[in-house]
file model.txt (compact mmCIF, N, CA and C atoms and all ligand atoms)
# COMPACT_ATOMS: atom_id res chain seq x y z
N MET R 1 0.84 -1.19 0.00
CA MET R 1 0.00 0.00 0.00
C MET R 1 0.88 1.25 0.00
N LYS R 2 0.52 2.19 -0.87
CA LYS R 2 1.30 3.42 -0.94
C LYS R 2 0.59 4.51 -0.14
N TRP R 3 1.31 5.11 0.80
CA TRP R 3 0.73 6.16 1.63
C TRP R 3 1.17 7.53 1.16
N LEU R 4 0.29 8.49 1.30
CA LEU R 4 0.67 9.88 1.09
C LEU R 4 1.62 10.29 2.21
N GLU R 5 2.34 11.37 1.98
CA GLU R 5 3.18 11.93 3.03
C GLU R 5 2.74 13.35 3.31
N LYS R 6 2.67 13.69 4.57
CA LYS R 6 2.39 15.08 4.91
C LYS R 6 3.62 15.90 4.55
N LYS R 7 3.42 16.89 3.73
CA LYS R 7 4.54 17.75 3.35
C LYS R 7 4.47 19.02 4.21
N SER R 8 5.53 19.82 4.15
CA SER R 8 5.47 21.06 4.92
C SER R 8 4.60 22.07 4.17
N ILE R 9 3.37 22.15 4.58
CA ILE R 9 2.39 23.04 3.96
C ILE R 9 2.44 24.37 4.72
N PRO R 10 2.43 25.51 3.99
CA PRO R 10 2.40 26.81 4.70
C PRO R 10 1.22 26.85 5.68
N PHE R 11 1.44 27.45 6.84
CA PHE R 11 0.42 27.44 7.89
C PHE R 11 -0.91 28.04 7.40
N GLU R 12 -0.83 29.06 6.54
CA GLU R 12 -2.05 29.71 6.04
C GLU R 12 -2.89 28.71 5.23
N ASP R 13 -2.23 27.87 4.43
CA ASP R 13 -2.95 26.87 3.64
C ASP R 13 -3.58 25.81 4.53
N LEU R 14 -2.80 25.43 5.55
CA LEU R 14 -3.28 24.44 6.52
C LEU R 14 -4.51 24.99 7.26
N TRP R 15 -4.44 26.25 7.60
CA TRP R 15 -5.54 26.93 8.30
C TRP R 15 -6.81 26.89 7.45
N GLU R 16 -6.64 27.17 6.15
CA GLU R 16 -7.79 27.14 5.24
C GLU R 16 -8.41 25.74 5.19
N LYS R 17 -7.58 24.73 5.09
CA LYS R 17 -8.08 23.34 5.06
C LYS R 17 -8.80 23.00 6.36
N ALA R 18 -8.21 23.46 7.47
CA ALA R 18 -8.78 23.13 8.78
C ALA R 18 -10.14 23.80 8.97
N VAL R 19 -10.25 25.05 8.55
CA VAL R 19 -11.53 25.77 8.69
C VAL R 19 -12.58 25.11 7.80
N ASP R 20 -12.16 24.70 6.60
CA ASP R 20 -13.08 24.02 5.69
C ASP R 20 -13.57 22.70 6.31
N PHE R 21 -12.66 21.96 6.91
CA PHE R 21 -13.00 20.67 7.52
C PHE R 21 -13.87 20.86 8.77
N HIS R 22 -13.47 21.81 9.60
CA HIS R 22 -14.10 21.98 10.91
C HIS R 22 -15.39 22.80 10.83
N GLY R 23 -15.42 23.77 9.93
CA GLY R 23 -16.64 24.56 9.73
C GLY R 23 -16.62 25.95 10.31
N HIS R 24 -15.68 26.24 11.19
CA HIS R 24 -15.57 27.60 11.71
C HIS R 24 -14.16 27.84 12.24
N GLU R 25 -13.81 29.12 12.41
CA GLU R 25 -12.51 29.48 12.98
C GLU R 25 -12.59 29.48 14.49
N GLY R 26 -11.49 29.17 15.13
CA GLY R 26 -11.47 29.22 16.59
C GLY R 26 -10.09 28.95 17.14
N PRO R 27 -9.82 29.43 18.34
CA PRO R 27 -8.47 29.29 18.91
C PRO R 27 -8.08 27.83 19.19
N TYR R 28 -9.05 26.99 19.50
CA TYR R 28 -8.70 25.58 19.77
C TYR R 28 -8.29 24.87 18.48
N LEU R 29 -8.87 25.30 17.37
CA LEU R 29 -8.49 24.74 16.07
C LEU R 29 -7.04 25.14 15.76
N VAL R 30 -6.70 26.39 16.04
CA VAL R 30 -5.33 26.88 15.86
C VAL R 30 -4.37 26.04 16.71
N ALA R 31 -4.75 25.81 17.96
CA ALA R 31 -3.89 25.04 18.87
C ALA R 31 -3.65 23.63 18.33
N GLY R 32 -4.69 22.99 17.83
CA GLY R 32 -4.54 21.64 17.28
C GLY R 32 -3.60 21.63 16.08
N LEU R 33 -3.71 22.63 15.23
CA LEU R 33 -2.82 22.72 14.06
C LEU R 33 -1.38 22.91 14.48
N ARG R 34 -1.17 23.85 15.39
CA ARG R 34 0.21 24.15 15.84
C ARG R 34 0.83 22.90 16.46
N MET R 35 0.07 22.21 17.28
CA MET R 35 0.61 21.02 17.93
C MET R 35 0.93 19.94 16.89
N GLY R 36 0.03 19.77 15.93
CA GLY R 36 0.25 18.75 14.90
C GLY R 36 1.48 19.03 14.06
N VAL R 37 1.66 20.28 13.66
CA VAL R 37 2.83 20.65 12.86
C VAL R 37 4.11 20.39 13.66
N TYR R 38 4.08 20.77 14.94
CA TYR R 38 5.24 20.55 15.79
C TYR R 38 5.55 19.05 15.92
N ILE R 39 4.51 18.27 16.13
CA ILE R 39 4.67 16.82 16.32
C ILE R 39 5.35 16.17 15.11
N LEU R 40 4.89 16.52 13.90
CA LEU R 40 5.48 15.93 12.69
C LEU R 40 6.97 16.25 12.61
N GLN R 41 7.30 17.52 12.90
CA GLN R 41 8.72 17.94 12.82
C GLN R 41 9.54 17.28 13.92
N ALA R 42 9.02 17.30 15.14
CA ALA R 42 9.79 16.79 16.28
C ALA R 42 10.07 15.29 16.15
N LEU R 43 9.13 14.56 15.56
CA LEU R 43 9.30 13.10 15.46
C LEU R 43 9.76 12.67 14.07
N SER R 44 10.05 13.65 13.19
CA SER R 44 10.36 13.35 11.78
C SER R 44 9.33 12.37 11.21
N SER R 45 8.08 12.64 11.49
CA SER R 45 7.00 11.75 11.07
C SER R 45 6.51 12.12 9.68
N ARG R 46 6.11 11.10 8.92
CA ARG R 46 5.49 11.32 7.60
C ARG R 46 4.00 11.60 7.73
N GLY R 47 3.48 11.45 8.93
CA GLY R 47 2.05 11.67 9.16
C GLY R 47 1.22 10.52 8.61
N TYR R 48 -0.07 10.67 8.65
CA TYR R 48 -1.06 9.70 8.15
C TYR R 48 -1.01 8.34 8.85
N SER R 49 0.11 7.61 8.65
CA SER R 49 0.07 6.21 9.07
C SER R 49 1.16 5.83 10.06
N ASP R 50 2.22 6.64 10.19
CA ASP R 50 3.32 6.21 11.05
C ASP R 50 3.25 6.87 12.43
N LEU R 51 2.10 7.40 12.75
CA LEU R 51 1.96 8.21 13.94
C LEU R 51 0.70 7.80 14.70
N LYS R 52 0.76 7.85 16.02
CA LYS R 52 -0.44 7.62 16.83
C LYS R 52 -0.56 8.77 17.83
N LEU R 53 -1.76 9.32 17.96
CA LEU R 53 -2.00 10.42 18.90
C LEU R 53 -3.00 9.98 19.96
N ILE R 54 -2.65 10.21 21.20
CA ILE R 54 -3.57 9.96 22.31
C ILE R 54 -3.85 11.32 22.94
N VAL R 55 -5.10 11.73 22.91
CA VAL R 55 -5.48 13.07 23.34
C VAL R 55 -6.39 12.98 24.56
N GLU R 56 -5.96 13.65 25.62
CA GLU R 56 -6.76 13.70 26.84
C GLU R 56 -7.42 15.07 26.88
N SER R 57 -8.75 15.11 26.92
CA SER R 57 -9.47 16.39 26.86
C SER R 57 -10.87 16.20 27.42
N PRO R 58 -11.46 17.29 27.95
CA PRO R 58 -12.89 17.21 28.23
C PRO R 58 -13.59 16.83 26.92
N PRO R 59 -14.59 15.93 26.97
CA PRO R 59 -15.15 15.39 25.73
C PRO R 59 -16.23 16.26 25.08
N PHE R 60 -16.05 17.57 25.09
CA PHE R 60 -17.02 18.44 24.44
C PHE R 60 -16.34 19.72 23.96
N THR R 61 -17.05 20.44 23.08
CA THR R 61 -16.50 21.68 22.53
C THR R 61 -16.49 22.76 23.61
N PRO R 62 -15.63 23.74 23.56
CA PRO R 62 -14.68 24.00 22.47
C PRO R 62 -13.41 23.15 22.54
N TYR R 63 -13.24 22.42 23.67
CA TYR R 63 -11.97 21.69 23.87
C TYR R 63 -11.67 20.74 22.70
N THR R 64 -12.70 19.99 22.29
CA THR R 64 -12.49 18.96 21.26
C THR R 64 -12.24 19.54 19.87
N CYS R 65 -12.40 20.85 19.70
CA CYS R 65 -12.04 21.46 18.41
C CYS R 65 -10.55 21.22 18.11
N VAL R 66 -9.76 21.03 19.17
CA VAL R 66 -8.33 20.70 19.03
C VAL R 66 -8.16 19.43 18.17
N LEU R 67 -9.08 18.50 18.32
CA LEU R 67 -8.96 17.21 17.61
C LEU R 67 -8.98 17.40 16.09
N ASP R 68 -9.80 18.34 15.62
CA ASP R 68 -9.87 18.56 14.17
C ASP R 68 -8.59 19.22 13.65
N GLY R 69 -8.02 20.13 14.44
CA GLY R 69 -6.74 20.72 14.05
C GLY R 69 -5.65 19.67 13.98
N LEU R 70 -5.66 18.76 14.92
CA LEU R 70 -4.67 17.68 14.93
C LEU R 70 -4.85 16.75 13.74
N GLN R 71 -6.11 16.44 13.41
CA GLN R 71 -6.36 15.53 12.29
C GLN R 71 -5.91 16.14 10.96
N VAL R 72 -6.23 17.42 10.75
CA VAL R 72 -5.88 18.07 9.49
C VAL R 72 -4.36 18.20 9.35
N SER R 73 -3.68 18.55 10.44
CA SER R 73 -2.23 18.80 10.34
C SER R 73 -1.40 17.52 10.30
N THR R 74 -1.88 16.45 10.94
CA THR R 74 -1.06 15.22 11.00
C THR R 74 -1.54 14.12 10.06
N GLY R 75 -2.80 14.18 9.65
CA GLY R 75 -3.34 13.07 8.86
C GLY R 75 -3.77 11.88 9.71
N CYS R 76 -3.59 11.97 11.02
CA CYS R 76 -4.15 10.95 11.92
C CYS R 76 -5.66 11.19 11.95
N THR R 77 -6.44 10.13 11.84
CA THR R 77 -7.90 10.30 11.82
C THR R 77 -8.59 9.26 12.69
N PHE R 78 -9.80 9.60 13.11
CA PHE R 78 -10.59 8.64 13.87
C PHE R 78 -10.97 7.44 12.99
N GLY R 79 -11.10 7.70 11.69
CA GLY R 79 -11.42 6.61 10.75
C GLY R 79 -10.31 5.57 10.70
N LYS R 80 -9.06 6.00 10.76
CA LYS R 80 -7.93 5.06 10.75
C LYS R 80 -7.62 4.55 12.14
N GLY R 81 -8.19 5.19 13.13
CA GLY R 81 -7.98 4.74 14.51
C GLY R 81 -6.64 5.13 15.08
N ASN R 82 -5.91 6.06 14.42
CA ASN R 82 -4.60 6.43 14.98
C ASN R 82 -4.64 7.77 15.73
N ILE R 83 -5.85 8.22 16.05
CA ILE R 83 -6.01 9.28 17.04
C ILE R 83 -7.14 8.81 17.95
N VAL R 84 -6.91 8.88 19.23
CA VAL R 84 -7.95 8.47 20.18
C VAL R 84 -8.14 9.57 21.21
N LEU R 85 -9.37 9.70 21.67
CA LEU R 85 -9.71 10.67 22.71
C LEU R 85 -9.90 9.94 24.03
N VAL R 86 -9.17 10.39 25.03
CA VAL R 86 -9.38 9.90 26.39
C VAL R 86 -10.11 11.00 27.14
N PRO R 87 -11.41 10.82 27.42
CA PRO R 87 -12.17 11.87 28.10
C PRO R 87 -11.59 12.17 29.47
N SER R 88 -11.52 13.47 29.77
CA SER R 88 -10.90 13.89 31.01
C SER R 88 -11.75 14.96 31.68
N ILE R 89 -11.63 15.10 32.99
CA ILE R 89 -12.31 16.20 33.66
C ILE R 89 -11.36 17.36 33.93
N SER R 90 -10.07 17.16 33.62
CA SER R 90 -9.11 18.25 33.73
C SER R 90 -9.21 19.12 32.50
N LYS R 91 -9.07 20.46 32.67
CA LYS R 91 -9.16 21.33 31.50
C LYS R 91 -7.87 21.39 30.70
N ASP R 92 -6.77 20.90 31.27
CA ASP R 92 -5.54 20.82 30.48
C ASP R 92 -5.77 19.78 29.38
N ILE R 93 -5.47 20.17 28.16
CA ILE R 93 -5.58 19.22 27.05
C ILE R 93 -4.18 18.68 26.81
N ARG R 94 -4.05 17.36 26.87
CA ARG R 94 -2.73 16.74 26.76
C ARG R 94 -2.68 15.82 25.55
N VAL R 95 -1.57 15.91 24.82
CA VAL R 95 -1.43 15.12 23.59
C VAL R 95 -0.13 14.33 23.67
N LEU R 96 -0.26 13.03 23.61
CA LEU R 96 0.92 12.17 23.52
C LEU R 96 1.00 11.67 22.08
N ALA R 97 2.14 11.92 21.43
CA ALA R 97 2.34 11.50 20.04
C ALA R 97 3.44 10.46 19.99
N ILE R 98 3.18 9.35 19.31
CA ILE R 98 4.14 8.26 19.25
C ILE R 98 4.41 7.91 17.79
N CYS R 99 5.70 7.86 17.46
CA CYS R 99 6.13 7.51 16.10
C CYS R 99 7.31 6.56 16.24
N GLY R 100 7.10 5.29 15.95
CA GLY R 100 8.15 4.30 16.17
C GLY R 100 8.54 4.31 17.64
N GLY R 101 9.83 4.44 17.91
CA GLY R 101 10.28 4.48 19.30
C GLY R 101 10.32 5.88 19.89
N LYS R 102 9.89 6.87 19.11
CA LYS R 102 9.99 8.25 19.57
C LYS R 102 8.63 8.77 20.03
N ARG R 103 8.66 9.67 20.98
CA ARG R 103 7.41 10.27 21.43
C ARG R 103 7.61 11.70 21.91
N VAL R 104 6.55 12.49 21.80
CA VAL R 104 6.52 13.82 22.41
C VAL R 104 5.19 13.97 23.14
N PHE R 105 5.23 14.81 24.14
CA PHE R 105 4.08 14.99 25.02
C PHE R 105 3.83 16.50 25.16
N LEU R 106 2.68 16.96 24.67
CA LEU R 106 2.36 18.38 24.66
C LEU R 106 1.13 18.66 25.51
N THR R 107 1.09 19.87 26.05
CA THR R 107 -0.09 20.30 26.81
C THR R 107 -0.57 21.64 26.30
N LEU R 108 -1.89 21.79 26.21
CA LEU R 108 -2.49 23.10 26.00
C LEU R 108 -2.97 23.54 27.38
N PRO R 109 -2.17 24.37 28.05
CA PRO R 109 -2.43 24.66 29.46
C PRO R 109 -3.71 25.47 29.69
N SER R 110 -4.26 25.34 30.87
CA SER R 110 -5.52 26.01 31.17
C SER R 110 -5.36 27.54 31.18
N ASP R 111 -4.15 28.06 31.48
CA ASP R 111 -4.01 29.53 31.46
C ASP R 111 -4.09 30.09 30.04
N ILE R 112 -3.60 29.35 29.06
CA ILE R 112 -3.75 29.77 27.66
C ILE R 112 -5.23 29.68 27.27
N GLN R 113 -5.88 28.63 27.73
CA GLN R 113 -7.31 28.47 27.41
C GLN R 113 -8.14 29.59 28.04
N GLU R 114 -7.67 30.07 29.20
CA GLU R 114 -8.36 31.20 29.85
C GLU R 114 -8.29 32.43 28.95
N LYS R 115 -7.12 32.63 28.31
CA LYS R 115 -6.98 33.74 27.35
C LYS R 115 -7.95 33.55 26.19
N PHE R 116 -8.08 32.33 25.69
CA PHE R 116 -9.03 32.05 24.59
C PHE R 116 -10.43 32.54 24.98
N ARG R 117 -10.82 32.21 26.21
CA ARG R 117 -12.16 32.59 26.70
C ARG R 117 -12.29 34.12 26.77
N GLU R 118 -11.26 34.76 27.34
CA GLU R 118 -11.29 36.22 27.46
C GLU R 118 -11.39 36.89 26.09
N TRP R 119 -10.53 36.45 25.17
CA TRP R 119 -10.52 37.05 23.83
C TRP R 119 -11.87 36.84 23.14
N THR R 120 -12.44 35.65 23.29
CA THR R 120 -13.72 35.35 22.65
C THR R 120 -14.82 36.23 23.25
N ASP R 121 -14.81 36.37 24.58
CA ASP R 121 -15.83 37.20 25.25
C ASP R 121 -15.68 38.67 24.87
N GLU R 122 -14.42 39.14 24.79
CA GLU R 122 -14.16 40.56 24.49
C GLU R 122 -14.43 40.90 23.03
N THR R 123 -14.15 39.96 22.13
CA THR R 123 -14.26 40.26 20.69
C THR R 123 -15.16 39.23 20.01
N SER R 124 -14.57 38.27 19.36
CA SER R 124 -15.33 37.21 18.67
C SER R 124 -14.43 35.98 18.62
N VAL R 125 -15.02 34.85 18.31
CA VAL R 125 -14.23 33.62 18.24
C VAL R 125 -13.22 33.70 17.07
N GLU R 126 -13.57 34.44 16.00
CA GLU R 126 -12.65 34.60 14.87
C GLU R 126 -11.44 35.45 15.28
N GLU R 127 -11.69 36.53 16.03
CA GLU R 127 -10.60 37.37 16.50
C GLU R 127 -9.74 36.60 17.51
N ALA R 128 -10.38 35.81 18.34
CA ALA R 128 -9.63 34.97 19.29
C ALA R 128 -8.71 34.02 18.54
N ALA R 129 -9.18 33.50 17.42
CA ALA R 129 -8.35 32.61 16.59
C ALA R 129 -7.14 33.36 16.05
N GLN R 130 -7.35 34.60 15.58
CA GLN R 130 -6.24 35.40 15.06
C GLN R 130 -5.20 35.65 16.15
N ARG R 131 -5.68 35.98 17.35
CA ARG R 131 -4.74 36.23 18.45
C ARG R 131 -4.01 34.94 18.84
N ALA R 132 -4.73 33.83 18.80
CA ALA R 132 -4.10 32.53 19.12
C ALA R 132 -3.01 32.22 18.11
N MET R 133 -3.24 32.60 16.85
CA MET R 133 -2.26 32.34 15.81
C MET R 133 -0.96 33.09 16.07
N GLU R 134 -1.08 34.29 16.64
CA GLU R 134 0.10 35.10 16.93
C GLU R 134 0.98 34.48 18.02
N LEU R 135 0.43 33.56 18.80
CA LEU R 135 1.22 32.90 19.85
C LEU R 135 2.23 31.93 19.26
N GLY R 136 2.04 31.52 17.99
CA GLY R 136 2.95 30.55 17.38
C GLY R 136 3.00 29.28 18.20
N GLU R 137 4.20 28.73 18.32
CA GLU R 137 4.35 27.49 19.10
C GLU R 137 4.24 27.74 20.61
N GLY R 138 4.22 29.04 21.00
CA GLY R 138 4.03 29.37 22.42
C GLY R 138 2.63 29.03 22.92
N ILE R 139 1.79 28.55 22.03
CA ILE R 139 0.42 28.20 22.40
C ILE R 139 0.38 26.91 23.23
N PHE R 140 1.41 26.07 23.10
CA PHE R 140 1.42 24.81 23.87
C PHE R 140 2.72 24.68 24.67
N SER R 141 2.70 23.76 25.61
CA SER R 141 3.91 23.48 26.40
C SER R 141 4.39 22.08 26.07
N LEU R 142 5.70 21.93 26.13
CA LEU R 142 6.32 20.63 25.91
C LEU R 142 6.57 20.00 27.27
N GLU R 143 6.11 18.76 27.44
CA GLU R 143 6.27 18.07 28.73
C GLU R 143 7.32 16.97 28.59
N ALA R 144 7.86 16.57 29.70
CA ALA R 144 8.78 15.42 29.68
C ALA R 144 7.94 14.15 29.57
N CYS R 145 8.44 13.18 28.84
CA CYS R 145 7.71 11.89 28.77
C CYS R 145 8.69 10.72 28.81
ZN ZN R 201 -14.79 24.50 16.94
call {"tool": "encode", "arguments": {"input": "model.txt", "output": "structure tokens"}}
result
Amino acid sequence: MKWLEKKSIPFEDLWEKAVDFHGHEGPYLVAGLRMGVYILQALSSRGYSDLKLIVESPPFTPYTCVLDGLQVSTGCTFGKGNIVLVPSISKDIRVLAICGGKRVFLTLPSDIQEKFREWTDETSVEEAAQRAMELGEGIFSLEAC
């Protein structure tokens, strides 16, 4: 079987694909994309098939919007079974990514999520997404694993 490879797509193009897939703009979608892009680079992963993501998150929106950003950026999908959601009552969203013998562990901390809420309340979810984009990779934390 021949697999596609995730190539380094400009973030703007990835964002367009993600909004098309997800249906709306939002800071959690941005966070999922940023984490996915980082994961592919950090693990030298080809995406789609050589990667497994385990995501711990409250099992409802807006938290789960992260899942769509991760799917679009990594090619891991619920259909292929290489992304799984572990429902959590903690607001920290944690992502463990495994590629062969390598792994990275990322967190979307609750203090960043608090900013998402403030920005959304003060302006709009679209503006909150723009501000989230300006955080770059500072949107997530890297944990030891
Ligand atoms: Zn959403």
call {"tool": "select_by_dssp", "arguments": {"input": "model.txt", "residues": "region 11-69 of chain R", "states": "strand (DSSP E)", "output": "PyMOL selection string"}}
result
chain R and resi 52-57
call {"tool": "residues_near_ligand", "arguments": {"input": "model.txt", "ligand": "ligand ZN 201 (chain R)", "cutoff": "9 Å", "atoms": "only C-alpha atoms and all ligand atoms", "output": "list in words"}}
result
Val19, His22, Gly23, His24, Glu25, Gly26, Pro27, Tyr28, Leu29, Thr61, Pro62, Tyr63, Thr64, Cys65, Val66 and Asp68 of chain R
call {"tool": "write_last_selection", "arguments": {"input": "model.txt", "atoms": "N, CA and C atoms", "output": "mmCIF file, in the frame of the given file"}}
result
data_model
loop_
_atom_site.group_PDB
_atom_site.id
_atom_site.type_symbol
_atom_site.label_atom_id
_atom_site.label_comp_id
_atom_site.auth_asym_id
_atom_site.auth_seq_id
_atom_site.Cartn_x
_atom_site.Cartn_y
_atom_site.Cartn_z
ATOM 1 N N VAL R 19 -10.250 25.050 8.550
ATOM 2 C CA VAL R 19 -11.530 25.770 8.690
ATOM 3 C C VAL R 19 -12.580 25.110 7.800
ATOM 4 N N HIS R 22 -13.470 21.810 9.600
ATOM 5 C CA HIS R 22 -14.100 21.980 10.910
ATOM 6 C C HIS R 22 -15.390 22.800 10.830
ATOM 7 N N GLY R 23 -15.420 23.770 9.930
ATOM 8 C CA GLY R 23 -16.640 24.560 9.730
ATOM 9 C C GLY R 23 -16.620 25.950 10.310
ATOM 10 N N HIS R 24 -15.680 26.240 11.190
ATOM 11 C CA HIS R 24 -15.570 27.600 11.710
ATOM 12 C C HIS R 24 -14.160 27.840 12.240
ATOM 13 N N GLU R 25 -13.810 29.120 12.410
ATOM 14 C CA GLU R 25 -12.510 29.480 12.980
ATOM 15 C C GLU R 25 -12.590 29.480 14.490
ATOM 16 N N GLY R 26 -11.490 29.170 15.130
ATOM 17 C CA GLY R 26 -11.470 29.220 16.590
ATOM 18 C C GLY R 26 -10.090 28.950 17.140
ATOM 19 N N PRO R 27 -9.820 29.430 18.340
ATOM 20 C CA PRO R 27 -8.470 29.290 18.910
ATOM 21 C C PRO R 27 -8.080 27.830 19.190
ATOM 22 N N TYR R 28 -9.050 26.990 19.500
ATOM 23 C CA TYR R 28 -8.700 25.580 19.770
ATOM 24 C C TYR R 28 -8.290 24.870 18.480
ATOM 25 N N LEU R 29 -8.870 25.300 17.370
ATOM 26 C CA LEU R 29 -8.490 24.740 16.070
ATOM 27 C C LEU R 29 -7.040 25.140 15.760
ATOM 28 N N THR R 61 -17.050 20.440 23.080
ATOM 29 C CA THR R 61 -16.500 21.680 22.530
ATOM 30 C C THR R 61 -16.490 22.760 23.610
ATOM 31 N N PRO R 62 -15.630 23.740 23.560
ATOM 32 C CA PRO R 62 -14.680 24.000 22.470
ATOM 33 C C PRO R 62 -13.410 23.150 22.540
ATOM 34 N N TYR R 63 -13.240 22.420 23.670
ATOM 35 C CA TYR R 63 -11.970 21.690 23.870
ATOM 36 C C TYR R 63 -11.670 20.740 22.700
ATOM 37 N N THR R 64 -12.700 19.990 22.290
ATOM 38 C CA THR R 64 -12.490 18.960 21.260
ATOM 39 C C THR R 64 -12.240 19.540 19.870
ATOM 40 N N CYS R 65 -12.400 20.850 19.700
ATOM 41 C CA CYS R 65 -12.040 21.460 18.410
ATOM 42 C C CYS R 65 -10.550 21.220 18.110
ATOM 43 N N VAL R 66 -9.760 21.030 19.170
ATOM 44 C CA VAL R 66 -8.330 20.700 19.030
ATOM 45 C C VAL R 66 -8.160 19.430 18.170
ATOM 46 N N ASP R 68 -9.800 18.340 15.620
ATOM 47 C CA ASP R 68 -9.870 18.560 14.170
ATOM 48 C C ASP R 68 -8.590 19.220 13.650
#
call {"tool": "residues_around", "arguments": {"input": "model.txt", "residues": "region 89-93 of chain R", "least_positions_apart": "2", "cutoff": "10 Å", "atoms": "only C-alpha atoms", "output": "list in words"}}
result
Val55, Glu56, Ser57, Pro58, Pro59, Tyr63, Thr64, Val66, Pro87, Val95, Leu106, Thr107, Leu108, Pro109, Ser110, Asp111, Ile112, Gln113 and Phe140 of chain R
call {"tool": "atom_distance", "arguments": {"input": "model.txt", "atom1": "CA of Leu142 (chain R)", "atom2": "CA of Val104 (chain R)"}}
result
7.7 Å
call {"tool": "atom_distance", "arguments": {"input": "model.txt", "atom1": "atom N of Glu134 (chain R)", "atom2": "CA of Tyr38 (chain R)"}}
result
15.1 Å
call {"tool": "atom_distance", "arguments": {"input": "model.txt", "atom1": "CA of Gly47 (chain R)", "atom2": "CA of Thr74 (chain R)"}}
result
5.1 Å
